[in-house]
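K.L.:
Next up, data09.txt (compact mmCIF, C-alpha atoms).
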```txt
# COMPACT_ATOMS: atom_id res chain seq x y z
CA MET A 31 0.00 0.00 0.00
CA GLN A 32 1.43 3.35 -1.06
CA LYS A 33 0.76 6.91 0.09
CA ASN A 34 -1.35 8.97 -2.36
CA GLU A 35 -2.51 5.85 -4.18
CA ILE A 36 -6.25 5.14 -4.51
CA TYR A 37 -7.79 1.87 -3.30
CA ARG A 38 -11.37 0.60 -3.13
CA ALA A 39 -12.60 -0.58 0.27
CA ALA A 40 -15.74 -0.88 2.40
CA VAL A 41 -16.37 0.21 6.00
CA SER A 42 -16.02 -2.71 8.40
CA GLY A 43 -16.14 -0.91 11.76
CA PHE A 44 -15.29 2.23 13.73
CA THR A 45 -12.54 3.30 16.13
CA SER A 46 -13.07 4.83 19.56
CA GLU A 47 -12.36 8.22 17.97
CA GLY A 48 -15.18 7.81 15.45
CA LEU A 49 -13.01 6.99 12.42
CA GLY A 50 -14.25 4.40 9.96
CA VAL A 51 -12.14 1.26 9.57
CA CYS A 52 -11.60 -0.08 6.05
CA ARG A 53 -9.41 -3.02 5.03
CA VAL A 54 -6.93 -2.65 2.16
CA GLU A 55 -4.61 -5.56 1.39
CA GLY A 56 -5.13 -6.84 4.94
CA CYS A 57 -4.19 -3.51 6.51
CA ALA A 58 -6.53 -1.29 8.53
CA VAL A 59 -7.15 2.13 6.99
CA PHE A 60 -8.72 4.75 9.26
CA VAL A 61 -11.09 7.09 7.45
CA PRO A 62 -12.86 10.24 8.73
CA ASN A 63 -16.46 10.99 7.71
CA ALA A 64 -17.23 7.31 7.08
CA VAL A 65 -20.71 5.76 7.36
CA PRO A 66 -21.60 2.11 8.06
CA GLY A 67 -22.28 0.06 4.93
CA GLU A 68 -20.51 2.39 2.51
CA GLU A 69 -17.79 1.57 -0.02
CA TYR A 70 -15.23 4.11 -1.23
CA ASP A 71 -12.34 4.88 -3.45
CA LEU A 72 -9.83 5.96 -0.79
CA ARG A 73 -6.71 8.04 -1.19
CA ILE A 74 -4.05 6.95 1.30
CA THR A 75 -2.73 9.97 3.22
CA HIS A 76 -0.38 8.20 5.66
CA VAL A 77 1.08 4.73 6.05
CA GLY A 78 2.32 3.73 9.51
CA SER A 79 3.49 0.59 11.25
CA HIS A 80 0.09 -0.07 12.90
CA GLY A 81 -2.22 1.04 10.12
CA ALA A 82 -2.85 3.71 7.54
CA TYR A 83 -5.04 6.77 7.14
CA GLY A 84 -7.08 7.67 4.12
CA LYS A 85 -9.63 10.16 2.85
CA ILE A 86 -12.73 9.55 0.76
CA GLU A 87 -12.19 10.39 -2.92
CA THR A 88 -15.44 8.87 -4.23
CA ILE A 89 -18.40 7.25 -2.50
CA ILE A 90 -19.14 4.13 -4.52
CA THR A 91 -22.03 2.87 -2.33
CA LYS A 92 -23.81 5.60 -0.36
CA SER A 93 -25.65 4.75 2.86
CA PRO A 94 -29.16 6.08 3.56
CA HIS A 95 -27.77 7.01 7.00
CA ARG A 96 -25.48 9.69 5.50
CA VAL A 97 -26.99 13.16 6.09
CA ASN A 98 -26.10 16.79 5.45
CA ARG A 99 -24.29 18.31 8.42
CA LEU A 100 -26.33 20.76 10.49
CA CYS A 101 -23.14 22.23 11.93
CA PRO A 102 -21.16 24.34 9.42
CA TYR A 103 -17.94 23.80 11.40
CA ALA A 104 -18.19 20.02 11.72
CA LYS A 105 -15.64 19.17 8.99
CA GLN A 106 -13.01 21.42 10.59
CA CYS A 107 -13.70 21.39 14.33
CA GLY A 108 -12.39 18.48 16.37
CA GLY A 109 -15.21 18.53 18.89
CA CYS A 110 -17.79 16.33 17.12
CA ASP A 111 -17.45 13.18 15.04
CA PHE A 112 -20.89 12.18 13.74
CA TRP A 113 -22.77 15.16 12.26
CA HIS A 114 -22.59 13.41 8.87
CA ILE A 115 -24.54 10.37 10.18
CA ASP A 116 -28.17 10.18 11.32
CA TYR A 117 -28.62 9.61 15.05
CA GLU A 118 -30.00 6.10 14.67
CA ALA A 119 -26.80 4.91 12.99
CA GLU A 120 -24.65 6.79 15.53
CA CYS A 121 -26.33 4.91 18.38
CA GLU A 122 -25.79 1.59 16.61
CA ILE A 123 -22.08 2.38 16.17
CA LYS A 124 -21.73 3.15 19.88
CA ALA A 125 -23.64 0.07 21.03
CA GLN A 126 -21.51 -2.10 18.75
CA ARG A 127 -18.34 -0.55 20.15
CA VAL A 128 -19.34 -1.52 23.72
CA LEU A 129 -20.39 -5.00 22.59
CA ASP A 130 -17.15 -5.60 20.67
CA ALA A 131 -15.02 -4.44 23.60
CA LEU A 132 -16.76 -6.64 26.16
CA ASN A 133 -16.61 -9.70 23.89
CA ARG A 134 -13.15 -9.27 22.41
CA LEU A 135 -11.28 -7.73 25.35
CA GLY A 136 -13.50 -8.76 28.25
CA GLY A 137 -13.88 -12.41 27.34
CA GLN A 138 -17.68 -12.26 27.22
CA ASN A 139 -20.11 -13.80 24.76
CA LEU A 140 -22.86 -11.19 24.54
CA SER A 141 -25.19 -11.03 21.56
CA ARG A 142 -26.38 -7.44 21.97
CA ILE A 143 -25.96 -4.27 24.01
CA GLU A 144 -28.97 -2.04 24.61
CA LEU A 145 -28.19 1.67 24.28
CA THR A 146 -30.46 4.47 25.51
CA GLY A 147 -30.16 7.38 23.11
CA ALA A 148 -30.66 11.05 23.92
CA LYS A 149 -33.88 12.95 23.22
CA THR A 150 -31.91 15.78 21.61
CA CYS A 151 -28.50 16.25 20.00
CA VAL A 152 -28.57 20.05 20.34
CA GLY A 153 -27.67 22.30 23.28
CA TYR A 154 -27.15 19.48 25.78
CA ARG A 155 -23.66 20.26 27.11
CA ASN A 156 -23.59 22.14 30.42
CA LYS A 157 -19.85 22.83 30.25
CA ALA A 158 -17.89 24.68 27.56
CA GLN A 159 -14.13 25.23 27.38
CA PHE A 160 -13.31 27.65 24.57
CA PRO A 161 -9.57 28.05 23.90
CA ALA A 162 -8.48 31.58 22.96
CA ALA A 163 -5.75 32.55 20.51
CA PRO A 164 -4.43 35.68 18.75
CA GLY A 165 -6.33 36.55 15.56
CA LYS A 166 -6.27 39.17 12.83
CA LYS A 167 -8.78 41.35 14.67
CA GLY A 168 -7.49 40.59 18.15
CA PRO A 169 -8.29 37.68 20.46
CA GLU A 170 -10.65 35.01 19.13
CA ALA A 171 -12.08 31.84 20.60
CA GLY A 172 -13.58 28.61 19.32
CA PHE A 173 -12.37 25.02 19.22
CA PHE A 174 -9.28 23.27 17.87
CA ARG A 175 -9.09 21.56 14.52
CA LYS A 176 -9.02 17.79 15.04
CA GLY A 177 -5.58 16.52 16.04
CA THR A 178 -4.08 20.02 16.20
CA HIS A 179 -4.09 23.20 18.24
CA ASP A 180 -5.13 25.32 15.25
CA LEU A 181 -8.05 27.40 16.42
CA ILE A 182 -11.34 27.34 14.49
CA PRO A 183 -13.33 30.48 15.45
CA MET A 184 -17.10 29.97 15.38
CA GLU A 185 -20.35 31.79 15.99
CA ARG A 186 -22.45 28.89 17.27
CA CYS A 187 -21.61 25.46 18.67
CA LEU A 188 -24.77 23.38 18.30
CA ILE A 189 -24.09 21.00 21.18
CA GLN A 190 -23.65 23.90 23.64
CA PRO A 191 -26.49 26.05 24.99
CA GLU A 192 -26.73 29.44 23.29
CA ALA A 193 -25.81 31.09 26.60
CA ALA A 194 -22.31 29.57 26.40
CA ASP A 195 -21.70 31.07 22.96
CA LYS A 196 -23.06 34.40 24.18
CA ALA A 197 -20.69 34.36 27.16
CA ARG A 198 -17.74 33.61 24.86
CA ASP A 199 -18.70 36.48 22.55
CA ILE A 200 -18.96 38.94 25.45
CA VAL A 201 -15.52 38.01 26.79
CA ILE A 202 -13.92 38.28 23.33
CA ALA A 203 -15.58 41.66 22.66
CA TRP A 204 -14.33 42.92 26.03
CA ALA A 205 -10.80 41.63 25.33
CA ARG A 206 -10.69 43.39 21.96
CA GLN A 207 -12.08 46.61 23.39
CA TYR A 208 -9.47 46.80 26.13
CA CYS A 209 -6.57 45.24 24.17
CA VAL A 210 -6.30 42.17 26.39
CA SER A 211 -3.93 39.75 24.66
CA ALA A 212 -4.76 36.12 23.89
CA TYR A 213 -2.43 33.29 24.87
CA ASP A 214 0.10 31.96 22.37
CA GLU A 215 1.08 28.36 23.18
CA THR A 216 4.30 28.46 21.17
CA THR A 217 5.76 31.46 23.00
CA HIS A 218 3.91 31.11 26.34
CA THR A 219 2.91 34.76 26.07
CA GLY A 220 -0.43 36.51 26.14
CA LEU A 221 -3.02 36.59 28.90
CA LEU A 222 -6.41 35.04 27.99
CA ARG A 223 -6.06 31.25 27.63
CA HIS A 224 -9.58 29.82 27.84
CA ILE A 225 -13.15 30.89 28.41
CA PHE A 226 -14.76 28.34 30.71
CA VAL A 227 -18.56 28.36 31.00
CA ARG A 228 -20.88 26.23 33.12
CA HIS A 229 -24.66 26.21 32.68
CA ALA A 230 -27.18 24.55 35.00
CA ALA A 231 -29.92 23.15 32.78
CA ALA A 232 -32.57 22.83 35.50
CA THR A 233 -32.05 26.20 37.23
CA GLY A 234 -30.71 28.27 34.33
CA GLU A 235 -27.78 29.50 36.43
CA LEU A 236 -24.58 30.41 34.60
CA MET A 237 -20.92 30.65 35.60
CA VAL A 238 -18.26 32.31 33.44
CA CYS A 239 -14.61 31.74 34.28
CA PRO A 240 -11.81 33.16 32.11
CA VAL A 241 -8.54 31.23 32.48
CA VAL A 242 -5.48 33.47 32.33
CA ASN A 243 -1.71 33.25 32.05
CA GLY A 244 -1.22 35.63 34.97
CA GLU A 245 -2.59 36.61 38.36
CA SER A 246 -5.24 39.09 37.23
CA LEU A 247 -6.99 40.76 34.32
CA PRO A 248 -7.06 44.43 33.43
CA ARG A 249 -10.51 46.02 33.52
CA GLU A 250 -12.06 43.23 35.57
CA LYS A 251 -14.99 45.44 36.64
CA GLU A 252 -15.78 46.22 33.02
CA LEU A 253 -15.77 42.50 32.17
CA VAL A 254 -18.14 41.74 35.03
CA ALA A 255 -20.46 44.59 33.98
CA ALA A 256 -20.56 43.36 30.37
CA LEU A 257 -21.34 39.79 31.44
CA ARG A 258 -24.05 40.87 33.88
CA LYS A 259 -25.69 43.02 31.22
CA GLY A 260 -25.62 40.35 28.52
CA LEU A 261 -26.37 37.16 30.48
CA PRO A 262 -29.68 37.13 32.41
CA GLY A 263 -28.93 33.83 34.19
CA LEU A 264 -25.45 34.83 35.35
CA ARG A 265 -24.75 33.92 38.96
CA SER A 266 -20.95 33.76 39.13
CA VAL A 267 -17.90 35.28 37.45
CA ALA A 268 -14.62 33.66 38.45
CA LEU A 269 -11.00 33.99 37.35
CA ASN A 270 -8.76 30.93 37.13
CA VAL A 271 -4.96 31.28 37.09
CA ASN A 272 -2.95 28.90 34.92
CA THR A 273 0.63 29.99 34.27
CA ARG A 274 1.94 26.52 33.43
CA LYS A 275 3.16 25.61 29.98
CA GLY A 276 1.29 22.91 28.14
CA ASN A 277 -2.33 22.40 27.17
CA GLY A 278 -3.98 21.89 30.56
CA VAL A 279 -7.07 24.07 30.80
CA MET A 280 -7.51 24.91 34.49
CA GLY A 281 -4.93 26.00 37.04
CA ASP A 282 -5.02 25.44 40.80
CA LYS A 283 -6.04 28.95 41.89
CA THR A 284 -9.50 30.47 41.36
CA ARG A 285 -10.74 33.88 42.50
CA ILE A 286 -14.35 35.06 42.46
CA LEU A 287 -14.76 38.37 40.63
CA TRP A 288 -18.49 38.67 41.21
CA GLY A 289 -21.41 36.71 42.62
CA ALA A 290 -21.44 33.23 44.11
CA ASP A 291 -18.53 30.80 44.20
CA ALA A 292 -20.69 28.08 42.61
CA ILE A 293 -23.90 27.50 40.67
CA GLU A 294 -26.64 25.03 41.54
CA ASP A 295 -28.38 22.41 39.41
CA ILE A 296 -31.04 19.76 40.08
CA LEU A 297 -30.24 16.14 39.19
CA CYS A 298 -32.44 13.13 40.06
CA GLY A 299 -34.49 15.40 42.33
CA LEU A 300 -31.43 16.50 44.32
CA ARG A 301 -29.76 19.92 44.33
CA PHE A 302 -26.05 19.99 43.54
CA ARG A 303 -23.49 22.73 44.05
CA ILE A 304 -21.12 23.04 41.07
CA SER A 305 -17.89 25.00 41.53
CA PRO A 306 -15.42 25.74 38.69
CA ARG A 307 -13.41 22.52 39.05
CA SER A 308 -16.21 20.19 40.14
CA PHE A 309 -16.84 17.07 38.10
CA TYR A 310 -20.42 17.06 36.85
CA GLN A 311 -21.76 15.05 33.92
CA VAL A 312 -22.02 17.34 30.89
CA ASN A 313 -25.45 16.05 29.80
CA ARG A 314 -27.83 16.44 32.73
CA ASP A 315 -30.86 14.69 31.21
CA GLN A 316 -28.87 11.64 30.13
CA ALA A 317 -26.96 11.62 33.43
CA GLU A 318 -30.32 11.04 35.14
CA VAL A 319 -30.85 8.04 32.86
CA LEU A 320 -27.32 6.76 33.54
CA TYR A 321 -27.63 7.08 37.31
CA GLY A 322 -31.05 5.47 37.24
CA LYS A 323 -29.55 2.42 35.55
CA ALA A 324 -26.68 2.35 38.07
CA LEU A 325 -29.20 2.44 40.94
CA ALA A 326 -31.24 -0.34 39.38
CA ALA A 327 -28.10 -2.46 39.01
CA ALA A 328 -27.19 -1.84 42.67
CA GLY A 329 -30.47 -3.50 43.70
CA LEU A 330 -30.79 -1.65 47.03
CA HIS A 331 -33.51 -2.37 49.58
CA GLY A 332 -32.57 0.11 52.31
CA THR A 333 -30.44 -2.19 54.47
CA GLU A 334 -27.16 -2.06 52.55
CA THR A 335 -23.87 -0.28 53.11
CA VAL A 336 -22.54 1.09 49.81
CA LEU A 337 -19.07 2.32 48.89
CA ASP A 338 -18.85 4.82 46.01
CA LEU A 339 -15.32 5.17 44.64
CA TYR A 340 -14.48 8.21 42.45
CA CYS A 341 -17.55 9.95 43.85
CA GLY A 342 -16.77 13.46 42.57
CA THR A 343 -19.21 15.96 44.05
CA GLY A 344 -21.40 13.14 45.33
CA THR A 345 -23.98 12.89 42.56
CA ILE A 346 -24.22 9.09 42.46
CA THR A 347 -23.44 8.83 46.20
CA LEU A 348 -26.41 10.91 47.26
CA CYS A 349 -28.73 9.11 44.84
CA LEU A 350 -27.57 5.84 46.42
CA ALA A 351 -28.04 7.23 49.93
CA ARG A 352 -31.80 7.60 49.43
CA GLN A 353 -32.09 3.83 48.92
CA ALA A 354 -29.33 2.50 51.23
CA LYS A 355 -28.67 2.29 54.95
CA ALA A 356 -25.28 4.04 54.66
CA VAL A 357 -23.03 5.28 51.85
CA ILE A 358 -19.33 6.14 51.83
CA GLY A 359 -18.00 8.39 49.05
CA VAL A 360 -14.29 8.55 48.15
CA GLU A 361 -12.69 11.16 45.88
CA LEU A 362 -9.12 12.41 45.39
CA VAL A 363 -9.98 16.07 44.62
CA GLU A 364 -10.38 17.98 47.89
CA ALA A 365 -12.62 20.68 46.39
CA ALA A 366 -14.98 18.00 45.09
CA ILE A 367 -15.25 16.45 48.57
CA ARG A 368 -16.13 19.84 50.03
CA ASP A 369 -18.84 20.19 47.40
CA ALA A 370 -20.08 16.64 48.13
CA GLU A 371 -20.39 17.37 51.85
CA GLU A 372 -22.21 20.62 51.13
CA ASN A 373 -24.51 18.83 48.67
CA ALA A 374 -25.40 16.29 51.36
CA ARG A 375 -26.24 19.10 53.81
CA ARG A 376 -28.34 20.96 51.23
CA ASN A 377 -30.38 17.86 50.53
CA GLY A 378 -30.79 16.85 54.16
CA ILE A 379 -29.00 13.53 53.62
CA GLU A 380 -27.39 12.28 56.84
CA ASN A 381 -26.43 8.69 55.96
CA ALA A 382 -23.59 9.63 53.58
CA ARG A 383 -20.02 10.39 54.59
CA PHE A 384 -17.13 11.42 52.39
CA PHE A 385 -13.37 11.41 52.62
CA CYS A 386 -10.62 12.64 50.38
CA ALA A 387 -8.17 9.96 49.26
CA ASP A 388 -6.83 8.06 46.30
CA ALA A 389 -9.34 5.34 45.42
CA GLY A 390 -6.77 2.54 45.69
CA LYS A 391 -5.42 3.65 49.06
CA ALA A 392 -8.92 4.31 50.41
CA ALA A 393 -10.14 0.89 49.33
CA LYS A 394 -7.12 -0.78 50.94
CA THR A 395 -7.62 1.17 54.17
CA LEU A 396 -11.30 0.32 54.35
CA ALA A 397 -10.56 -3.33 53.64
CA ALA A 398 -7.91 -3.39 56.39
CA GLU A 399 -10.39 -1.79 58.82
CA GLY A 400 -12.83 -4.57 58.11
CA THR A 401 -15.34 -2.50 56.14
CA ARG A 402 -17.56 -4.90 54.22
CA PRO A 403 -19.89 -2.98 51.90
CA ASP A 404 -22.72 -4.91 50.33
CA VAL A 405 -22.34 -2.98 47.08
CA ILE A 406 -19.41 -1.06 45.60
CA VAL A 407 -19.98 1.50 42.83
CA VAL A 408 -17.05 2.69 40.74
CA ASP A 409 -17.06 5.50 38.18
CA PRO A 410 -13.36 5.86 37.29
CA PRO A 411 -11.69 8.17 34.75
CA ARG A 412 -11.01 6.95 31.22
CA LYS A 413 -7.98 4.90 32.26
CA GLY A 414 -10.21 2.60 34.32
CA LEU A 415 -9.30 0.90 37.59
CA SER A 416 -5.80 0.16 38.81
CA ALA A 417 -4.89 -3.36 39.91
CA ASP A 418 -4.74 -2.33 43.58
CA VAL A 419 -8.34 -1.02 43.46
CA ILE A 420 -9.57 -4.30 42.01
CA ASP A 421 -7.59 -6.23 44.63
CA ALA A 422 -9.04 -4.10 47.44
CA VAL A 423 -12.59 -4.53 46.09
CA LYS A 424 -12.02 -8.29 46.09
CA GLU A 425 -10.72 -8.09 49.67
CA MET A 426 -13.93 -6.36 50.82
CA SER A 427 -15.95 -9.01 48.93
CA PRO A 428 -19.15 -7.06 48.18
CA ASP A 429 -22.04 -9.03 46.73
CA ARG A 430 -22.30 -6.65 43.78
CA VAL A 431 -20.02 -4.23 41.92
CA VAL A 432 -21.65 -1.59 39.72
CA TYR A 433 -19.15 -0.24 37.20
CA VAL A 434 -19.96 3.03 35.41
CA SER A 435 -17.52 3.59 32.56
CA CYS A 436 -16.70 6.25 29.97
CA ASP A 437 -14.35 3.96 28.01
CA PRO A 438 -15.45 0.55 26.69
CA ALA A 439 -11.89 -0.73 26.27
CA THR A 440 -10.76 -0.16 29.87
CA LEU A 441 -14.17 -1.34 31.11
CA ALA A 442 -13.73 -4.62 29.20
CA ARG A 443 -10.20 -5.06 30.54
CA ASP A 444 -11.42 -4.58 34.10
CA VAL A 445 -14.43 -6.88 33.61
CA LYS A 446 -11.97 -9.62 32.63
CA LEU A 447 -9.81 -8.90 35.70
CA PHE A 448 -12.86 -8.99 37.97
CA GLY A 449 -13.75 -12.32 36.40
CA GLU A 450 -10.39 -13.66 37.53
CA LYS A 451 -11.29 -12.48 41.06
CA GLY A 452 -14.61 -14.34 41.10
CA TYR A 453 -16.98 -11.61 39.86
CA ARG A 454 -19.12 -12.46 36.84
CA LEU A 455 -20.79 -10.06 34.44
CA GLN A 456 -24.56 -10.14 35.02
CA SER A 457 -25.77 -7.25 32.88
CA ALA A 458 -24.39 -4.52 30.63
CA GLU A 459 -25.98 -1.58 28.83
CA ALA A 460 -24.97 1.77 27.38
CA VAL A 461 -26.25 5.34 27.60
CA ASP A 462 -25.38 8.07 25.10
CA LEU A 463 -24.39 11.18 27.02
CA PHE A 464 -22.46 12.67 24.08
CA PRO A 465 -24.61 12.86 20.93
CA ARG A 466 -22.61 13.73 17.79
CA CYS A 467 -19.37 12.82 19.63
CA SER A 468 -17.65 9.42 19.73
CA HIS A 469 -17.73 8.88 23.52
CA VAL A 470 -20.23 6.53 25.14
CA GLU A 471 -21.06 5.62 28.76
CA SER A 472 -21.76 2.10 30.01
CA VAL A 473 -23.14 0.49 33.17
CA VAL A 474 -22.33 -3.10 34.07
CA LEU A 475 -23.24 -5.25 37.04
CA LEU A 476 -20.70 -7.75 38.39
CA CYS A 477 -21.83 -10.31 40.97
CA ARG A 478 -19.67 -12.39 43.30
CA ASP A 479 -19.59 -16.13 42.75
CA VAL A 480 -21.20 -18.00 45.64
```
Would you kindly transcribe this structure into structure tokens?
P.N.:
Amino acid sequence: MQKNEIYRAAVSGFTSEGLGVCRVEGCAVFVPNAVPGEEYDLRITHVGSHGAYGKIETIITKSPHRVNRLCPYAKQCGGCDFWHIDYEAECEIKAQRVLDALNRLGGQNLSRIELTGAKTCVGYRNKAQFPAAPGKKGPEAGFFRKGTHDLIPMERCLIQPEAADKARDIVIAWARQYCVSAYDETTHTGLLRHIFVRHAAATGELMVCPVVNGESLPREKELVAALRKGLPGLRSVALNVNTRKGNGVMGDKTRILWGADAIEDILCGLRFRISPRSFYQVNRDQAEVLYGKALAAAGLHGTETVLDLYCGTGTITLCLARQAKAVIGVELVEAAIRDAEENARRNGIENARFFCADAGKAAKTLAAEGTRPDVIVVDPPRKGLSADVIDAVKEMSPDRVVYVSCDPATLARDVKLFGEKGYRLQSAEAVDLFPRCSHVESVVLLCRDV
């Protein structure tokens, strides 16, 4: 196979990044903008040791699931992957990805995975992180081109609420008016790095948090005044300091410029405090579906002790607490634990306690103390569980483990490891929290052999 040569091939699957997989001379070719069931003439753009990349020159067989993109930036922006596919086909791709991972990597023999799709693909994200960069007319903000840090300015991101775009526009207009420089990654100069916006779907409250390469902003009062005038739901304006090199968004220090230090949202009938660095699922409506499935898998009757590892601000923990005798939440981020404790107080929940620790160390400590939870819930980051967490879970020997995952591959790996510890997969399903994007959430129930 040669670069720039054209080959005919059909789509046989999709990667975790949403690229189509075609086979040419036994080699995998990864193709953007692919649709299931289509056949192409592909031009090879790169040949590597583990596969090749190609682009569609001609669609030989066109799928009825191919649609015109509603988003004018979709071909350039790296934020979304599936605007060229109807939502039905997108859900099938995601369900198949979870099924393939559990069978191939997890050693299972499942015939199907049920996926609960979203009611809307538009305006669902409650968190926006707009990178800023120098432009011809001054600072501009948008999203990066896929695989690069080339900024694509935009007027409207369809998966964000309109209030997020409005907040971005106000900050950029203020920066241009007062000659506030945008950050340049290559030289580590310039002030405005990101525009971070959080929106509470149930309450309408809004937080705007510029992230800066410095300790302060010029004309902070003018920025606050512009935001208050233009954003009716505004409740908080914060300033986050990030002077480190690299592409990390948030720094460790945050200062409130105006209003409250957090916003509040309602999830599963509970009120949650959301500060700038709190973890909170970006799709509130689908998070309610996801947590409902996790609660159903836990099978609580009101007599159980439950351990929730990676509890964040206590969203799942407090939902569990309403159906359990006692719940323990563990989280590494200290600010998240403070929010979790406050969330428990606000909701009048007294049978939940939280402590700040690494999940592995906390699980080991609890096991050594003789804590024997009936159910353990884990919702780890994309990298999944470490071996010491799985060992500690085994040591505490809960009857059930409910695993909420944002990555099918690491979920499948851990399901296999749990199987080696005597925990068998009882059920698995998926929930789409990220319409138009390649990510997918899963919930599985593992039960101890008796």
K.L.:
Choose the residue, out of A:Ala193, A:Ala40, A:Leu350, A:Leu269, that has the smallest atom-to-atom separation from Glu250 in chain A; count all atoms listed in the file.
P.N.:
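Of all the options, A:Leu269 lies closest to Glu250 in chain A.
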K.L.:
Fewer than 2 positions away in the same chain doesn't count, so skip those; otherwise give me all residues within 7 Å of Glu35 in chain A, counting all atoms listed in the file, as a short mmCIF file (atom, residue, chain, number, x, y, z; two decimals) with C-alpha atoms, in the frame of the given file.
P.N.:
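And here is the file that came out, selection-v1.cif:
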```
data_model
loop_
_atom_site.label_atom_id
_atom_site.label_comp_id
_atom_site.auth_asym_id
_atom_site.auth_seq_id
_atom_site.Cartn_x
_atom_site.Cartn_y
_atom_site.Cartn_z
CA GLN A 32 1.43 3.35 -1.06
CA LYS A 33 0.76 6.91 0.09
CA TYR A 37 -7.79 1.87 -3.30
CA ARG A 73 -6.71 8.04 -1.19
CA ILE A 74 -4.05 6.95 1.30
#
```
K.L.:
For Pro94 in chain A, find every residue with an atom within 10 Å (counting only C-alpha atoms), except residues of its own chain fewer than 2 positions away, and show them as number ranges by chain.
P.N.:
A: 65-68, 91-92, 96-97, 115-116, 119
K.L.:
When distances are computed from all atoms listed in the file, which of A:Gly344, A:Pro403, A:Pro428, A:Gly108 shows the smallest separation from Tyr453 in chain A?
P.N.:
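Checking each candidate against Tyr453 in chain A, we get A:Pro428 as the closest.
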K.L.:
Write out, as a Markdown table, each residue of range 200-291 of chain A that has an atom at most 7 Å from range 164-187 of chain A, together with the closest pair of atoms and their distance in Å to one decimal, counting only C-alpha atoms, rows going by chain and rising number.
P.N.:
```
| residue | atom | partner | partner_atom | distance |
| --- | --- | --- | --- | --- |
| A:Ile202 | CA | A:Glu170 | CA | 6.2 |
| A:Ala205 | CA | A:Pro169 | CA | 6.8 |
| A:Arg206 | CA | A:Gly168 | CA | 5.7 |
| A:Ser211 | CA | A:Pro169 | CA | 6.4 |
| A:Ala212 | CA | A:Pro169 | CA | 5.2 |
| A:Tyr213 | CA | A:Pro164 | CA | 6.9 |
| A:Asp214 | CA | A:Pro164 | CA | 6.9 |
```
K.L.:
Give me the residues within 9 Å of Ala290 in chain A as a count of residues only, counting only C-alpha atoms and dropping any in the same chain fewer than 5 places off.
P.N.:
5
K.L.:
Enter the distance from CA of Arg383 in chain A to CA of Arg228 in chain A, in Å, rounded to one decimal.
P.N.:
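Computing it gives 26.7 Å between the two atoms.
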K.L.:
Nearest residue to Arg375 in chain A out of A:Leu261, A:Leu348, A:Ala460, A:Leu476, using all atoms listed in the file?
P.N.:
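Checking each candidate against Arg375 in chain A, we get A:Leu348 as the closest.
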K.L.:
Which residue is closest to Pro411 in chain A? Choose from A:Phe309, A:Lys446, A:Asp429, A:Ile296 and count only C-alpha atoms.
P.N.:
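Counting only C-alpha atoms, the residue closest to Pro411 in chain A is A:Phe309.
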K.L.:
Work out how far CA of Cys349 in chain A is from CA of Ser457 in chain A, in Å to one decimal.
P.N.:
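Separation of CA of Ser457 in chain A and CA of Cys349 in chain A: 20.5 Å.
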K.L.:
CA of Ser46 in chain A and CA of Lys149 in chain A are how many Å apart?
P.N.:
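Going from CA of Ser46 in chain A over to CA of Lys149 in chain A, I get 22.6 Å.
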K.L.:
Neighbours of range 310-325 of chain A within 9 Å (all atoms listed in the file; same-chain residues fewer than 4 positions away dropped), as number ranges by chain?
P.N.:
A: 146-149, 154-157, 230-232, 295-298, 304, 329-330, 342-343, 345-346, 349-350, 353, 407, 432-434, 459-464, 471-475
K.L.:
So that I can see what lies close to Cys467 in chain A, please list as an NGL selection string the residues with an atom at most 12 Å from it, counting all atoms listed in the file and leaving out residues fewer than 3 positions away in the same chain.
P.N.:
:A and (46-49 or 104 or 107-115 or 117 or 120-121 or 123-124 or 151-152 or 154-155 or 188-189 or 462-464 or 470-471)
K.L.:
Could you check which of A:Leu221, A:Glu252, A:Gly263, A:Gly136 is closest to Glu192 in chain A, using only C-alpha atoms?
P.N.:
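Checking each of A:Leu221, A:Glu252, A:Gly263, A:Gly136 against Glu192 in chain A, counting only C-alpha atoms, the winner is A:Gly263.
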K.L.:
I'd like the box whose edges run along x, y and z of the file and which contains every listed atom of range 90-109 of chain A, padded by 6 Å per side; could you state its centre and edge lengths in Å, one decimal, as lines of an AutoDock Vina configuration file?
P.N.:
```
center_x = -20.8
center_y = 13.6
center_z = 7.2
size_x = 28.8
size_y = 33.5
size_z = 35.4
```
